[in-house]
>>> print(open('coords24.cif').read())   # mmCIF, C-alpha atoms, pLDDT in the B column; chains and numbers go by the auth columns
data_entry
#
loop_
_atom_site.group_PDB
_atom_site.id
_atom_site.type_symbol
_atom_site.label_atom_id
_atom_site.label_comp_id
_atom_site.label_asym_id
_atom_site.label_seq_id
_atom_site.Cartn_x
_atom_site.Cartn_y
_atom_site.Cartn_z
_atom_site.B_iso_or_equiv
_atom_site.auth_seq_id
_atom_site.auth_asym_id
ATOM 1 C CA MET A 1 -71.611 -107.711 18.608 51.00 1 B
ATOM 2 C CA ALA A 2 -74.934 -108.506 16.965 57.00 2 B
ATOM 3 C CA ASP A 3 -77.426 -105.805 16.128 69.00 3 B
ATOM 4 C CA ALA A 4 -81.119 -105.864 17.031 71.00 4 B
ATOM 5 C CA GLN A 5 -82.223 -107.080 13.572 76.00 5 B
ATOM 6 C CA GLU A 6 -79.849 -110.038 13.710 74.00 6 B
ATOM 7 C CA LEU A 7 -81.130 -110.988 17.180 69.00 7 B
ATOM 8 C CA ALA A 8 -84.738 -110.707 16.017 74.00 8 B
ATOM 9 C CA ASP A 9 -83.994 -112.959 13.017 73.00 9 B
ATOM 10 C CA LYS A 10 -82.417 -115.583 15.273 69.00 10 B
ATOM 11 C CA ILE A 11 -85.423 -115.525 17.597 74.00 11 B
ATOM 12 C CA ARG A 12 -87.904 -115.866 14.672 75.00 12 B
ATOM 13 C CA SER A 13 -85.944 -118.698 13.089 76.00 13 B
ATOM 14 C CA GLY A 14 -85.662 -120.580 16.377 72.00 14 B
ATOM 15 C CA ASP A 15 -81.853 -120.480 16.239 66.00 15 B
ATOM 16 C CA THR A 16 -81.450 -120.850 19.984 72.00 16 B
ATOM 17 C CA GLY A 17 -77.837 -121.933 19.693 73.00 17 B
ATOM 18 C CA GLY A 18 -76.897 -118.852 17.713 72.00 18 B
ATOM 19 C CA LEU A 19 -78.936 -116.648 20.030 70.00 19 B
ATOM 20 C CA ARG A 20 -77.263 -118.203 23.055 78.00 20 B
ATOM 21 C CA ASN A 21 -73.827 -117.563 21.527 79.00 21 B
ATOM 22 C CA THR A 22 -74.710 -113.968 20.687 77.00 22 B
ATOM 23 C CA VAL A 23 -75.976 -113.269 24.193 79.00 23 B
ATOM 24 C CA SER A 24 -72.966 -115.019 25.710 83.00 24 B
ATOM 25 C CA ASP A 25 -70.588 -112.938 23.561 83.00 25 B
ATOM 26 C CA ALA A 26 -72.353 -109.718 24.602 82.00 26 B
ATOM 27 C CA ALA A 27 -72.142 -110.723 28.273 86.00 27 B
ATOM 28 C CA ASP A 28 -68.440 -111.507 27.901 87.00 28 B
ATOM 29 C CA GLN A 29 -67.798 -108.120 26.323 89.00 29 B
ATOM 30 C CA ALA A 30 -69.731 -106.331 29.084 90.00 30 B
ATOM 31 C CA ARG A 31 -67.837 -108.280 31.752 90.00 31 B
ATOM 32 C CA GLN A 32 -64.498 -107.403 30.126 91.00 32 B
ATOM 33 C CA LYS A 33 -65.401 -103.709 29.943 91.00 33 B
ATOM 34 C CA ALA A 34 -66.436 -103.715 33.611 92.00 34 B
ATOM 35 C CA GLN A 35 -63.180 -105.412 34.598 89.00 35 B
ATOM 36 C CA ASP A 36 -61.165 -102.895 32.571 88.00 36 B
ATOM 37 C CA PHE A 37 -63.041 -100.000 34.174 89.00 37 B
ATOM 38 C CA GLY A 38 -62.452 -101.420 37.668 85.00 38 B
ATOM 39 C CA ARG A 39 -58.771 -102.001 36.951 85.00 39 B
ATOM 40 C CA GLU A 40 -58.316 -98.441 35.672 88.00 40 B
ATOM 41 C CA ALA A 41 -60.121 -96.983 38.698 85.00 41 B
ATOM 42 C CA ARG A 42 -58.004 -99.058 41.088 81.00 42 B
ATOM 43 C CA ASP A 43 -54.824 -97.955 39.316 83.00 43 B
ATOM 44 C CA ARG A 44 -55.837 -94.288 39.579 84.00 44 B
ATOM 45 C CA ILE A 45 -56.582 -94.670 43.282 81.00 45 B
ATOM 46 C CA GLU A 46 -53.317 -96.512 43.893 81.00 46 B
ATOM 47 C CA GLY A 47 -51.470 -93.737 42.064 80.00 47 B
ATOM 48 C CA SER A 48 -52.995 -91.029 44.250 86.00 48 B
ATOM 49 C CA ARG A 49 -52.244 -92.682 47.619 86.00 49 B
ATOM 50 C CA GLY A 50 -48.889 -90.904 47.944 86.00 50 B
ATOM 51 C CA THR A 51 -50.418 -87.534 47.134 90.00 51 B
ATOM 52 C CA ALA A 52 -53.176 -88.040 49.695 89.00 52 B
ATOM 53 C CA ALA A 53 -50.657 -89.123 52.350 90.00 53 B
ATOM 54 C CA ASP A 54 -48.484 -86.074 51.614 91.00 54 B
ATOM 55 C CA ALA A 55 -51.531 -83.802 51.983 92.00 55 B
ATOM 56 C CA MET A 56 -52.344 -85.399 55.358 91.00 56 B
ATOM 57 C CA ASP A 57 -48.755 -84.897 56.537 92.00 57 B
ATOM 58 C CA SER A 58 -48.805 -81.279 55.373 92.00 58 B
ATOM 59 C CA THR A 59 -52.059 -80.628 57.228 92.00 59 B
ATOM 60 C CA ALA A 60 -50.673 -82.332 60.322 91.00 60 B
ATOM 61 C CA GLU A 61 -47.619 -80.091 60.261 91.00 61 B
ATOM 62 C CA ARG A 62 -49.749 -76.941 59.957 91.00 62 B
ATOM 63 C CA LEU A 63 -51.862 -78.131 62.891 89.00 63 B
ATOM 64 C CA ARG A 64 -48.752 -78.703 65.005 88.00 64 B
ATOM 65 C CA GLN A 65 -47.523 -75.210 64.241 89.00 65 B
ATOM 66 C CA SER A 66 -50.862 -73.646 65.166 86.00 66 B
ATOM 67 C CA ASN A 67 -50.524 -74.591 68.864 78.00 67 B
ATOM 68 C CA VAL A 68 -54.308 -74.572 69.244 80.00 68 B
ATOM 69 C CA GLY A 69 -55.844 -76.763 71.972 80.00 69 B
ATOM 70 C CA SER A 70 -55.553 -80.421 71.082 84.00 70 B
ATOM 71 C CA ALA A 71 -54.170 -79.741 67.597 85.00 71 B
ATOM 72 C CA GLY A 72 -51.083 -81.809 68.424 86.00 72 B
ATOM 73 C CA LYS A 73 -53.162 -84.928 69.059 90.00 73 B
ATOM 74 C CA VAL A 74 -55.112 -84.399 65.842 90.00 74 B
ATOM 75 C CA ALA A 75 -51.823 -83.865 63.985 90.00 75 B
ATOM 76 C CA ASP A 76 -50.468 -87.131 65.393 92.00 76 B
ATOM 77 C CA GLY A 77 -53.603 -88.913 64.197 92.00 77 B
ATOM 78 C CA LEU A 78 -53.272 -87.416 60.726 91.00 78 B
ATOM 79 C CA HIS A 79 -49.615 -88.425 60.575 92.00 79 B
ATOM 80 C CA SER A 80 -50.515 -91.990 61.581 93.00 80 B
ATOM 81 C CA ALA A 81 -53.228 -92.052 58.911 93.00 81 B
ATOM 82 C CA ALA A 82 -50.726 -90.831 56.317 93.00 82 B
ATOM 83 C CA ASP A 83 -48.304 -93.612 57.265 93.00 83 B
ATOM 84 C CA TYR A 84 -51.143 -96.153 57.023 93.00 84 B
ATOM 85 C CA VAL A 85 -52.127 -94.925 53.547 91.00 85 B
ATOM 86 C CA ARG A 86 -48.524 -95.096 52.354 92.00 86 B
ATOM 87 C CA SER A 87 -47.869 -98.583 53.719 92.00 87 B
ATOM 88 C CA ASN A 88 -51.100 -100.361 52.665 91.00 88 B
ATOM 89 C CA ASP A 89 -52.490 -101.038 49.224 89.00 89 B
ATOM 90 C CA LEU A 90 -56.131 -100.472 48.324 86.00 90 B
ATOM 91 C CA GLY A 91 -57.065 -104.123 48.837 87.00 91 B
ATOM 92 C CA SER A 92 -55.782 -104.273 52.397 92.00 92 B
ATOM 93 C CA MET A 93 -57.384 -100.916 53.241 91.00 93 B
ATOM 94 C CA MET A 94 -60.753 -102.151 51.939 90.00 94 B
ATOM 95 C CA SER A 95 -60.353 -105.338 53.974 94.00 95 B
ATOM 96 C CA ASP A 96 -59.543 -103.324 57.098 94.00 96 B
ATOM 97 C CA LEU A 97 -62.549 -101.085 56.455 92.00 97 B
ATOM 98 C CA GLY A 98 -64.812 -104.120 56.103 94.00 98 B
ATOM 99 C CA ASP A 99 -63.504 -105.528 59.380 95.00 99 B
ATOM 100 C CA ALA A 100 -64.058 -102.202 61.143 93.00 100 B
ATOM 101 C CA ILE A 101 -67.634 -102.003 59.859 93.00 101 B
ATOM 102 C CA LYS A 102 -68.386 -105.584 60.936 95.00 102 B
ATOM 103 C CA ASN A 103 -66.929 -104.983 64.391 96.00 103 B
ATOM 104 C CA ASN A 104 -68.613 -101.580 64.868 94.00 104 B
ATOM 105 C CA PRO A 105 -71.872 -101.540 62.865 93.00 105 B
ATOM 106 C CA VAL A 106 -73.694 -98.740 64.715 95.00 106 B
ATOM 107 C CA PRO A 107 -70.824 -96.219 64.692 93.00 107 B
ATOM 108 C CA SER A 108 -70.213 -97.148 61.044 93.00 108 B
ATOM 109 C CA LEU A 109 -73.824 -96.414 60.169 94.00 109 B
ATOM 110 C CA ILE A 110 -73.739 -93.098 62.032 94.00 110 B
ATOM 111 C CA THR A 111 -70.518 -92.161 60.243 93.00 111 B
ATOM 112 C CA ALA A 112 -71.996 -93.074 56.853 93.00 112 B
ATOM 113 C CA VAL A 113 -75.077 -90.944 57.506 94.00 113 B
ATOM 114 C CA ALA A 114 -72.927 -88.015 58.666 93.00 114 B
ATOM 115 C CA VAL A 115 -70.647 -88.234 55.644 91.00 115 B
ATOM 116 C CA GLY A 116 -73.687 -88.461 53.358 91.00 116 B
ATOM 117 C CA PHE A 117 -75.198 -85.406 55.011 92.00 117 B
ATOM 118 C CA ILE A 118 -71.958 -83.424 54.622 91.00 118 B
ATOM 119 C CA ILE A 119 -71.589 -84.405 50.964 89.00 119 B
ATOM 120 C CA GLY A 120 -75.250 -83.575 50.307 89.00 120 B
ATOM 121 C CA ALA A 121 -74.889 -80.195 51.963 88.00 121 B
ATOM 122 C CA ALA A 122 -71.735 -79.463 49.985 87.00 122 B
ATOM 123 C CA LEU A 123 -73.410 -80.389 46.694 88.00 123 B
ATOM 124 C CA ASN A 124 -76.464 -78.253 47.466 85.00 124 B
ATOM 125 C CA ARG A 125 -74.405 -75.129 48.164 78.00 125 B
ATOM 126 C CA ASP A 126 -74.773 -73.934 44.568 62.00 126 B
#
>>> encode(input="coords24.cif", output="structure tokens")
Amino acid sequence: MADAQELADKIRSGDTGGLRNTVSDAADQARQKAQDFGREARDRIEGSRGTAADAMDSTAERLRQSNVGSAGKVADGLHSAADYVRSNDLGSMMSDLGDAIKNNPVPSLITAVAVGFIIGAALNRD
């Protein structure tokens, strides 16, 4: 990748072809790094799906054992969510989420605001 002095020299000399190639190479490198980062993040998420599903099942079982009010219904929902997470890859879950948001924009917005509020409150607890 070219340094600043090399770029300045190309601009002063009017070497637009060389400048274009340098900028194109830098853009290609940035694009490749972004793709690598995205691929690594996706792989980490895919690797943790089983752990997340197991945690949901464990929580569902504790809820069932608690015999509190409608805990059984919540436990069933958690178990269904765990099965969904196990049986769908990240791409299909993101597609399903997009469909749900398109079909239910107002509840989606309310949910996003609520989640943002909860995360903000949790981060400000310090």
>>> resolve_selection(input="coords24.cif", expression="the PyMOL selection byres ((chain B and resi 40-56) around 10)", output="PyMOL selection string")
chain B and resi 34-39+57-62+75+77-91
>>> write_last_selection(input="coords24.cif", atoms="C-alpha atoms", output="PDB file, in the frame of the given file")
ATOM      1  CA  ALA B  34     -66.436-103.715  33.611  1.00 92.00           C
ATOM      2  CA  GLN B  35     -63.180-105.412  34.598  1.00 89.00           C
ATOM      3  CA  ASP B  36     -61.165-102.895  32.571  1.00 88.00           C
ATOM      4  CA  PHE B  37     -63.041-100.000  34.174  1.00 89.00           C
ATOM      5  CA  GLY B  38     -62.452-101.420  37.668  1.00 85.00           C
ATOM      6  CA  ARG B  39     -58.771-102.001  36.951  1.00 85.00           C
ATOM      7  CA  ASP B  57     -48.755 -84.897  56.537  1.00 92.00           C
ATOM      8  CA  SER B  58     -48.805 -81.279  55.373  1.00 92.00           C
ATOM      9  CA  THR B  59     -52.059 -80.628  57.228  1.00 92.00           C
ATOM     10  CA  ALA B  60     -50.673 -82.332  60.322  1.00 91.00           C
ATOM     11  CA  GLU B  61     -47.619 -80.091  60.261  1.00 91.00           C
ATOM     12  CA  ARG B  62     -49.749 -76.941  59.957  1.00 91.00           C
ATOM     13  CA  ALA B  75     -51.823 -83.865  63.985  1.00 90.00           C
ATOM     14  CA  GLY B  77     -53.603 -88.913  64.197  1.00 92.00           C
ATOM     15  CA  LEU B  78     -53.272 -87.416  60.726  1.00 91.00           C
ATOM     16  CA  HIS B  79     -49.615 -88.425  60.575  1.00 92.00           C
ATOM     17  CA  SER B  80     -50.515 -91.990  61.581  1.00 93.00           C
ATOM     18  CA  ALA B  81     -53.228 -92.052  58.911  1.00 93.00           C
ATOM     19  CA  ALA B  82     -50.726 -90.831  56.317  1.00 93.00           C
ATOM     20  CA  ASP B  83     -48.304 -93.612  57.265  1.00 93.00           C
ATOM     21  CA  TYR B  84     -51.143 -96.153  57.023  1.00 93.00           C
ATOM     22  CA  VAL B  85     -52.127 -94.925  53.547  1.00 91.00           C
ATOM     23  CA  ARG B  86     -48.524 -95.096  52.354  1.00 92.00           C
ATOM     24  CA  SER B  87     -47.869 -98.583  53.719  1.00 92.00           C
ATOM     25  CA  ASN B  88     -51.100-100.361  52.665  1.00 91.00           C
ATOM     26  CA  ASP B  89     -52.490-101.038  49.224  1.00 89.00           C
ATOM     27  CA  LEU B  90     -56.131-100.472  48.324  1.00 86.00           C
ATOM     28  CA  GLY B  91     -57.065-104.123  48.837  1.00 87.00           C
TER      29      GLY B  91
END
>>> axis_aligned_box(input="coords24.cif", around="range 82-94 of chain B", padding_each_side="4 Å", output="AutoDock Vina command-line options")
--center_x -54.3 --center_y -97.6 --center_z 52.8 --size_x 20.9 --size_y 21.4 --size_z 16.9
>>> atom_distance(input="coords24.cif", atom1="CA of Gly116 in chain B", atom2="CA of Gly69 in chain B")
28.3 Å
>>> atom_distance(input="coords24.cif", atom1="CA of Asp25 in chain B", atom2="CA of Ser13 in chain B")
19.5 Å
